[in-house]
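run-v7.txt, holding compact mmCIF, C-alpha atoms and all ligand atoms:
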```txt
# COMPACT_ATOMS: atom_id res chain seq x y z
CA MET A 99 11.92 -44.95 51.73
CA GLU A 100 15.37 -46.51 52.27
CA THR A 101 17.47 -46.68 49.11
CA GLY A 102 20.99 -47.36 50.43
CA LYS A 103 24.32 -46.71 48.68
CA LEU A 104 24.68 -50.17 47.15
CA ASP A 105 21.30 -49.82 45.55
CA ILE A 106 22.34 -46.59 43.89
CA ASP A 107 25.46 -48.31 42.58
CA ALA A 108 23.32 -51.13 41.17
CA PHE A 109 20.90 -48.59 39.64
CA VAL A 110 23.76 -46.73 37.95
CA SER A 111 25.39 -49.97 36.74
CA LEU A 112 22.19 -51.21 35.16
CA ILE A 113 21.87 -47.89 33.35
CA GLN A 114 25.45 -48.18 32.09
CA GLU A 115 24.91 -51.76 30.91
CA GLY A 116 21.48 -51.26 29.38
CA SER A 117 21.70 -47.84 27.76
CA GLU A 118 24.00 -45.23 26.26
CA PHE A 119 23.78 -43.10 29.41
CA ASP A 120 26.25 -42.83 32.26
CA LEU A 121 25.16 -41.40 35.59
CA SER A 122 28.20 -42.74 37.45
CA ASN A 123 29.63 -39.26 37.97
CA TYR A 124 26.39 -37.59 39.00
CA SER A 125 26.37 -36.42 42.59
CA TYR A 126 25.37 -39.17 44.98
CA LYS A 127 23.15 -36.83 46.97
CA SER A 128 21.12 -35.78 43.96
CA LEU A 129 20.75 -39.38 42.70
CA HIS A 130 19.67 -40.46 46.18
CA ARG A 131 16.92 -37.83 46.24
CA ARG A 132 15.70 -38.70 42.75
CA LEU A 133 15.70 -42.41 43.42
CA ALA A 134 13.69 -41.98 46.62
CA ARG A 135 11.20 -39.94 44.61
CA ILE A 136 11.02 -42.56 41.84
CA LEU A 137 10.30 -45.32 44.35
CA THR A 138 7.54 -43.28 45.94
CA ASP A 139 5.98 -42.26 42.63
CA LEU A 140 6.01 -45.82 41.30
CA ASP A 141 4.96 -47.19 44.68
CA THR A 142 7.67 -49.85 44.48
CA ASP A 143 10.83 -50.95 46.27
CA MET A 144 14.45 -51.06 45.18
CA PRO A 145 14.71 -54.80 44.34
CA SER A 146 11.56 -54.64 42.20
CA LEU A 147 12.79 -51.52 40.44
CA LEU A 148 16.14 -53.16 39.64
CA ARG A 149 14.38 -56.30 38.40
CA LYS A 150 12.22 -54.26 36.05
CA MET A 151 15.26 -52.39 34.75
CA LYS A 152 17.09 -55.65 33.91
CA ASN A 153 14.66 -56.58 31.14
CA ASP A 154 13.41 -53.29 29.85
CA PRO A 155 15.66 -50.83 27.97
CA LEU A 156 12.81 -48.34 27.54
CA PHE A 157 12.21 -48.37 31.27
CA ILE A 158 15.94 -47.77 31.85
CA GLU A 159 15.81 -44.75 29.59
CA ARG A 160 12.78 -43.48 31.47
CA MET A 161 14.72 -43.85 34.72
CA VAL A 162 17.59 -41.75 33.31
CA MET A 163 15.17 -39.01 32.34
CA GLU A 164 13.55 -39.18 35.77
CA CYS A 165 16.97 -38.45 37.26
CA THR A 166 17.25 -35.10 35.49
CA ILE A 167 15.86 -32.01 37.16
CA SER A 168 14.07 -29.46 35.02
CA THR A 169 13.72 -26.50 37.40
CA THR A 170 14.06 -23.27 35.44
CA GLU A 171 12.43 -19.87 34.96
CA LEU A 172 12.21 -16.99 32.53
CA PHE A 173 15.06 -14.64 33.50
CA ARG A 174 15.99 -16.82 36.48
CA ASP A 175 18.27 -14.70 38.72
CA PRO A 176 17.33 -11.39 37.05
CA GLN A 177 20.45 -9.59 38.28
CA VAL A 178 22.63 -11.90 36.16
CA TRP A 179 20.52 -11.18 33.08
CA LYS A 180 20.77 -7.44 33.70
CA LEU A 181 24.56 -7.77 33.74
CA ILE A 182 24.61 -9.93 30.61
CA ARG A 183 22.51 -7.27 28.87
CA LYS A 184 24.45 -4.22 29.97
CA ASP A 185 28.03 -5.45 30.36
CA PHE A 186 28.29 -8.20 27.75
CA LEU A 187 25.78 -8.11 24.89
CA ARG A 188 26.39 -4.45 24.23
CA GLN A 189 29.98 -5.20 23.22
CA PHE A 190 28.49 -6.92 20.17
CA LEU A 191 26.47 -3.95 18.92
CA GLY A 192 28.87 -3.38 16.03
CA GLU A 193 29.65 -7.07 15.38
CA GLU A 194 28.34 -9.15 12.53
CA ASP A 195 26.95 -11.92 14.71
CA ILE A 196 26.92 -13.40 18.18
CA ASN A 197 27.08 -17.13 18.74
CA ILE A 198 25.38 -18.50 21.86
CA TRP A 199 25.06 -21.98 23.39
CA HIS A 200 22.65 -22.89 26.16
CA ALA A 201 24.03 -26.17 27.53
CA GLY A 202 21.40 -27.91 29.68
CA CYS A 203 18.56 -25.63 28.56
CA SER A 204 15.80 -27.73 30.12
CA THR A 205 12.35 -26.57 28.97
CA GLY A 206 13.68 -23.49 27.19
CA GLN A 207 12.83 -20.51 29.42
CA GLU A 208 16.51 -19.52 29.58
CA VAL A 209 16.69 -19.59 25.79
CA TYR A 210 13.65 -17.36 25.32
CA SER A 211 15.01 -14.97 27.95
CA MET A 212 18.15 -14.60 25.85
CA LEU A 213 16.18 -14.07 22.65
CA MET A 214 14.12 -11.32 24.29
CA LEU A 215 17.33 -9.62 25.44
CA LEU A 216 18.83 -9.87 21.97
CA ASP A 217 15.68 -8.36 20.54
CA VAL A 218 15.52 -5.46 22.95
CA GLU A 219 19.17 -4.73 22.16
CA GLN A 220 18.32 -4.98 18.43
CA MET A 221 20.62 -7.93 17.91
CA LEU A 222 18.11 -10.71 17.35
CA ASN A 223 18.79 -11.14 13.64
CA ARG A 224 22.53 -11.41 14.35
CA GLY A 225 22.16 -13.97 17.14
CA ASN A 226 22.82 -17.66 16.45
CA VAL A 227 21.38 -19.62 19.32
CA THR A 228 21.97 -23.33 19.94
CA ALA A 229 20.23 -24.94 22.90
CA THR A 230 20.94 -28.48 24.06
CA ASP A 231 19.79 -30.85 26.76
CA LEU A 232 20.01 -34.52 27.58
CA ASN A 233 16.29 -34.92 28.09
CA PRO A 234 14.18 -35.03 24.88
CA HIS A 235 10.96 -34.44 26.83
CA TYR A 236 12.26 -31.14 28.15
CA LEU A 237 13.44 -30.24 24.64
CA ASN A 238 9.94 -30.89 23.29
CA THR A 239 8.50 -28.45 25.80
CA ALA A 240 11.24 -25.98 24.86
CA ILE A 241 10.34 -26.23 21.18
CA GLN A 242 6.64 -25.62 22.01
CA GLY A 243 7.58 -22.60 24.16
CA CYS A 244 4.32 -22.76 26.09
CA TYR A 245 4.27 -22.62 29.88
CA LYS A 246 1.68 -22.64 32.67
CA TYR A 247 0.50 -19.19 33.63
CA ARG A 248 -0.71 -19.88 37.16
CA TYR A 249 2.53 -21.34 38.51
CA ASN A 250 4.80 -18.92 36.71
CA LEU A 251 3.75 -15.39 37.59
CA GLN A 252 7.34 -14.89 38.75
CA TYR A 253 8.29 -14.82 35.05
CA LEU A 254 6.53 -11.48 34.66
CA ASP A 255 8.27 -9.94 37.69
CA ASN A 256 11.61 -11.11 36.32
CA PHE A 257 10.72 -9.68 32.90
CA ASP A 258 9.99 -6.29 34.48
CA THR A 259 13.34 -6.29 36.29
CA VAL A 260 15.41 -7.21 33.27
CA MET A 261 13.53 -5.79 30.30
CA LYS A 262 11.70 -2.74 31.61
CA GLU A 263 14.36 -1.22 33.84
CA ASN A 264 16.53 0.88 31.59
CA PRO A 265 20.09 -0.39 32.20
CA ASP A 266 21.49 3.12 31.77
CA ASP A 267 18.98 4.75 34.07
CA PRO A 268 17.39 2.46 36.69
CA ASP A 269 14.84 5.16 37.60
CA PHE A 270 13.40 5.09 34.11
CA LEU A 271 11.08 2.23 33.18
CA GLU A 272 10.88 1.36 29.50
CA ASP A 273 7.47 0.64 28.08
CA ILE A 274 8.02 -2.88 26.80
CA PRO A 275 4.73 -4.77 26.85
CA TYR A 276 4.74 -8.48 27.69
CA ASP A 277 2.76 -9.19 24.56
CA ARG A 278 5.62 -8.13 22.33
CA TYR A 279 7.14 -11.51 23.24
CA MET A 280 4.47 -13.63 24.91
CA ILE A 281 0.80 -14.38 24.51
CA ILE A 282 -0.55 -14.55 28.03
CA ASP A 283 -3.90 -16.23 28.44
CA PRO A 284 -4.98 -16.72 32.08
CA SER A 285 -8.22 -18.43 31.05
CA GLU A 286 -6.21 -21.08 29.18
CA ASP A 287 -3.53 -20.98 31.89
CA THR A 288 -0.78 -20.38 29.32
CA ILE A 289 2.18 -18.14 28.62
CA ARG A 290 3.08 -18.79 24.99
CA MET A 291 6.21 -17.47 23.30
CA ARG A 292 5.59 -15.58 20.07
CA GLN A 293 6.33 -17.27 16.76
CA PHE A 294 9.33 -15.07 15.86
CA LEU A 295 11.06 -16.29 19.04
CA LEU A 296 10.05 -19.93 18.54
CA GLU A 297 11.63 -19.93 15.07
CA LYS A 298 15.01 -18.71 16.18
CA PRO A 299 16.85 -21.33 18.28
CA VAL A 300 18.19 -24.69 17.18
CA PHE A 301 17.32 -27.25 19.86
CA LEU A 302 19.39 -30.46 19.96
CA GLN A 303 19.70 -33.46 22.22
CA HIS A 304 23.26 -33.49 23.54
CA ASP A 305 24.84 -35.31 26.47
CA LEU A 306 27.51 -33.27 28.26
CA VAL A 307 28.84 -36.47 29.84
CA LYS A 308 29.74 -37.96 26.46
CA GLY A 309 31.56 -34.77 25.58
CA LYS A 310 30.75 -34.81 21.86
CA ARG A 311 31.49 -31.50 20.13
CA VAL A 312 28.67 -29.14 19.22
CA ASP A 313 29.05 -28.17 15.56
CA SER A 314 27.73 -24.62 15.77
CA GLY A 315 30.66 -23.36 17.90
CA PRO A 316 32.93 -21.67 18.76
CA PHE A 317 30.74 -19.48 20.93
CA ASP A 318 30.88 -15.92 22.24
CA LEU A 319 28.63 -16.84 25.11
CA ILE A 320 27.84 -20.15 26.81
CA LEU A 321 25.24 -20.50 29.53
CA CYS A 322 25.48 -23.71 31.50
CA ARG A 323 23.51 -22.78 34.57
CA ASN A 324 22.43 -25.12 37.35
CA VAL A 325 23.65 -28.20 35.48
CA ILE A 326 27.10 -29.13 36.83
CA ILE A 327 25.78 -28.78 40.37
CA TYR A 328 24.36 -32.29 39.84
CA PHE A 329 27.78 -33.72 38.87
CA ASN A 330 30.73 -34.78 41.02
CA PHE A 331 33.97 -32.79 40.94
CA ASN A 332 35.58 -35.02 38.33
CA LEU A 333 32.71 -34.71 35.86
CA GLN A 334 32.33 -30.99 36.56
CA ASN A 335 35.92 -30.51 35.42
CA ARG A 336 35.43 -32.60 32.30
CA VAL A 337 32.34 -30.63 31.34
CA LEU A 338 34.02 -27.30 32.09
CA GLN A 339 36.91 -28.36 29.84
CA LEU A 340 34.40 -29.13 27.09
CA LEU A 341 32.74 -25.74 27.49
CA TYR A 342 36.13 -24.01 27.57
CA SER A 343 37.08 -25.67 24.29
CA HIS A 344 33.89 -24.35 22.67
CA LEU A 345 34.42 -20.72 23.75
CA LYS A 346 36.12 -18.04 21.70
CA LYS A 347 38.93 -16.11 23.33
CA GLY A 348 37.27 -13.40 25.42
CA GLY A 349 34.02 -15.41 25.35
CA LEU A 350 31.86 -15.57 28.45
CA LEU A 351 30.81 -18.67 30.40
CA VAL A 352 27.88 -18.15 32.76
CA LEU A 353 27.28 -20.74 35.47
CA GLY A 354 24.60 -20.98 38.16
CA PRO A 355 24.89 -19.11 41.46
CA HIS A 356 26.16 -22.20 43.31
CA GLU A 357 28.59 -23.33 40.64
CA SER A 358 32.18 -22.23 40.08
CA ILE A 359 35.39 -23.13 38.31
CA LEU A 360 37.93 -24.68 40.64
CA GLY A 361 41.19 -26.50 39.97
CA SER A 362 43.62 -26.04 37.10
CA LEU A 363 41.03 -24.66 34.66
CA SER A 364 40.48 -21.59 36.84
CA ASP A 365 43.78 -20.10 35.53
CA LYS A 366 42.37 -20.13 32.03
CA PHE A 367 39.46 -17.86 32.89
CA GLU A 368 39.16 -14.37 34.26
CA ARG A 369 36.39 -13.99 36.82
CA CYS A 370 33.91 -11.19 36.13
CA ARG A 371 30.58 -10.22 37.67
CA MET A 372 28.53 -12.24 35.19
CA GLY A 373 30.71 -15.35 35.14
CA TYR A 374 34.01 -16.31 33.54
CA LEU A 375 35.80 -14.83 30.54
CA LYS A 376 38.11 -17.11 28.56
CA LYS A 377 41.65 -15.68 28.65
C1 LIG A 401 18.01 -27.55 36.67
S1 LIG A 401 18.00 -27.61 34.92
C2 LIG A 401 18.77 -26.07 34.52
C3 LIG A 401 18.03 -25.35 33.44
C4 LIG A 401 18.56 -23.96 33.08
N1 LIG A 401 19.93 -24.03 32.61
C5 LIG A 401 18.45 -23.00 34.23
O1 LIG A 401 19.43 -22.74 34.93
O2 LIG A 401 17.36 -22.48 34.47
C6 LIG A 401 19.28 -28.81 34.60
C7 LIG A 401 19.22 -29.36 33.19
O3 LIG A 401 20.44 -30.09 32.91
C8 LIG A 401 20.10 -31.18 32.08
N2 LIG A 401 21.14 -32.21 32.13
C9 LIG A 401 21.41 -33.09 33.12
N3 LIG A 401 22.41 -33.91 32.76
C10 LIG A 401 22.80 -33.53 31.52
C11 LIG A 401 23.77 -34.00 30.60
N4 LIG A 401 24.55 -35.05 30.90
N5 LIG A 401 23.89 -33.38 29.40
C12 LIG A 401 23.08 -32.34 29.08
N6 LIG A 401 22.13 -31.85 29.91
C13 LIG A 401 21.98 -32.44 31.11
C14 LIG A 401 18.76 -31.65 32.63
O4 LIG A 401 18.06 -32.45 31.71
C15 LIG A 401 18.07 -30.33 32.96
O5 LIG A 401 17.30 -29.90 31.89
```
As C-alpha cells:
Amino acid sequence: METGKLDIDAFVSLIQEGSEFDLSNYSYKSLHRRLARILTDLDTDMPSLLRKMKNDPLFIERMVMECTISTTELFRDPQVWKLIRKDFLRQFLGEEDINIWHAGCSTGQEVYSMLMLLDVEQMLNRGNVTATDLNPHYLNTAIQGCYKYRYNLQYLDNFDTVMKENPDDPDFLEDIPYDRYMIIDPSEDTIRMRQFLLEKPVFLQHDLVKGKRVDSGPFDLILCRNVIIYFNFNLQNRVLQLLYSHLKKGGLLVLGPHESILGSLSDKFERCRMGYLKK
C-alpha cells in the first residue's frame, strides 16, 4: 500500500497536535513500515486514517502504540548476557547494592533475564531494578511475566547458554533447572515467571523522547537495547545524553548490536566488550 512521505508527516503532525506523544524524530523508514502495516491491518487508506485521527484522541494514542515494536526475547543475544554476568556483575559481589534501569523494556523478557542472572550470582536481594517503556500494553505483559511456550522455545536455548554454562569453565555445565525461575506448561502453552521474580522489578511508563528524569537513579547499569535504532540521529543523541546523565561514573550502558554512540558523547564513554562505560 502506498503511504508517501507527506502522509507520514501528516500522521506525525496529527499525533503531535492530538496527544502528548512526539514521533517526529523516529526514523522515517521504521514509521513507513509501521504505517503500511497499520493500513493493511485496518483495511483502510491514508486519507481515511487521517480523518479518523482528527476526531479521536483515543485512536491517536492507539496509533502511537501501534508504531512501537515489541520484539524481544529472554537472554536475547546470549553472548552479551554472558559478558554482563562474568565481566560486570561480578564486580558488585562485595557491594551493598546494584541499581539497574531497563529503558525500553518492552514485554519484560530482558528484565527477567537480568533477575535470573542476579539470582544465580547471589545478588538478587541487592538488586534494585527499574524497567520502563512507552507502551502501557507491553508493560502490562511485563508485569504478568507470562509468555507463549510454542513460539518461544529459543528462550530455553538462550537460558542454557547463559545460565548453565559455567562462566569460569565453559566445559562444565551447571545444573540449574528451568523451573527454578519459570513454570513451563506446554499444554497451556505458557512460560510463566516465578513469583519471586515477578515481585522484584518496578515497572513504569516513561517516554524517552520527553526526557523526564527517572527517580530511582543514578544507575550502575542501564540497558537500552534495540530502542534508539528506531530514532533519527538527533533523537538518538538526546536519549544517549539522558542515559549518560543517569549513569554513575564507571557505570555500564548496554545498547543493541546495531546501535552505537557516535558524535561528541563518544568521548565521555570508554568502549568495552559489553557496551560503554561512563568515564
Ligand atoms: C524492540 S523493543 C526492545 C526491547 C528490549 N529492550 C530488547 O532489546 O529485547 C523496543 C521498545 O522500545 C519502546 N519504545 C519506543 N519508543 C520509546 C520511547 N519514546 N520511550 C520509551 N520506550 C520506547 C517500545 O515500546 C518497545 O517496547
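You can rank A:Leu187, A:Leu302, A:Val352, A:Met261 by their closest distance to Asp231 in chain A using all atoms listed in the file, and at the top of that list sits A:Leu302.
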For a cut-off of 9 Å around (18.8, -44.5, 32.4), file coordinates, pick out all residues using all atoms listed in the file and list them as a ChimeraX atom specification.
/A:109-110,112-114,116-121,151,155-165
For the residues in the current selection, export C-alpha atoms as a PDB file, in the coordinates of the input.
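File written: result.pdb
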```
ATOM      1  CA  PHE A 109      20.900 -48.590  39.640  1.00  0.00           C
ATOM      2  CA  VAL A 110      23.760 -46.730  37.950  1.00  0.00           C
ATOM      3  CA  LEU A 112      22.190 -51.210  35.160  1.00  0.00           C
ATOM      4  CA  ILE A 113      21.870 -47.890  33.350  1.00  0.00           C
ATOM      5  CA  GLN A 114      25.450 -48.180  32.090  1.00  0.00           C
ATOM      6  CA  GLY A 116      21.480 -51.260  29.380  1.00  0.00           C
ATOM      7  CA  SER A 117      21.700 -47.840  27.760  1.00  0.00           C
ATOM      8  CA  GLU A 118      24.000 -45.230  26.260  1.00  0.00           C
ATOM      9  CA  PHE A 119      23.780 -43.100  29.410  1.00  0.00           C
ATOM     10  CA  ASP A 120      26.250 -42.830  32.260  1.00  0.00           C
ATOM     11  CA  LEU A 121      25.160 -41.400  35.590  1.00  0.00           C
ATOM     12  CA  MET A 151      15.260 -52.390  34.750  1.00  0.00           C
ATOM     13  CA  PRO A 155      15.660 -50.830  27.970  1.00  0.00           C
ATOM     14  CA  LEU A 156      12.810 -48.340  27.540  1.00  0.00           C
ATOM     15  CA  PHE A 157      12.210 -48.370  31.270  1.00  0.00           C
ATOM     16  CA  ILE A 158      15.940 -47.770  31.850  1.00  0.00           C
ATOM     17  CA  GLU A 159      15.810 -44.750  29.590  1.00  0.00           C
ATOM     18  CA  ARG A 160      12.780 -43.480  31.470  1.00  0.00           C
ATOM     19  CA  MET A 161      14.720 -43.850  34.720  1.00  0.00           C
ATOM     20  CA  VAL A 162      17.590 -41.750  33.310  1.00  0.00           C
ATOM     21  CA  MET A 163      15.170 -39.010  32.340  1.00  0.00           C
ATOM     22  CA  GLU A 164      13.550 -39.180  35.770  1.00  0.00           C
ATOM     23  CA  CYS A 165      16.970 -38.450  37.260  1.00  0.00           C
TER      24      CYS A 165
END
```
For range 326-342 of chain A, work out the shell of residues within 6 Å, counting all atoms listed in the file and skipping chain neighbours fewer than 2 positions away, then give it as a list of chain:residue names.
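The neighbour list is A:Asn123, A:Tyr124, A:Ser125, A:Asn324, A:His344, A:Leu345.
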Which residue of A:Arg131, A:Gly373, A:Leu295, A:Leu232 approaches Val325 in chain A most closely, using all atoms listed in the file
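Comparing A:Arg131, A:Gly373, A:Leu295, A:Leu232 against Val325 in chain A, the winner is A:Leu232.
If only C-alpha atoms and all ligand atoms are the atoms counted, then among A:Asp154, A:Asp277, A:Asp365, A:Glu171 the closest residue to ligand LIG 401 (chain A) is A:Glu171.
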Expressed in Å to a single decimal, how great is the separation between CA of Cys322 in chain A and CA of Arg183 in chain A?
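Those two atoms sit 16.9 Å apart.
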Give me the residues of range 116-197 of chain A that have any atom at most 9 Å from an atom of range 201-212 of chain A; for each, the nearest atom pair and the distance in Å, rounded to one decimal. Use only C-alpha atoms, sort by chain and number, and format it as CSV.
```
residue,atom,partner,partner_atom,distance
A:Ile167,CA,A:Ser204,CA,8.2
A:Ser168,CA,A:Ser204,CA,5.5
A:Thr169,CA,A:Ser204,CA,7.7
A:Thr170,CA,A:Gln207,CA,6.7
A:Glu171,CA,A:Gln207,CA,5.6
A:Leu172,CA,A:Gln207,CA,4.7
A:Phe173,CA,A:Ser211,CA,5.6
A:Arg174,CA,A:Glu208,CA,7.4
A:Trp179,CA,A:Met212,CA,8.3
```
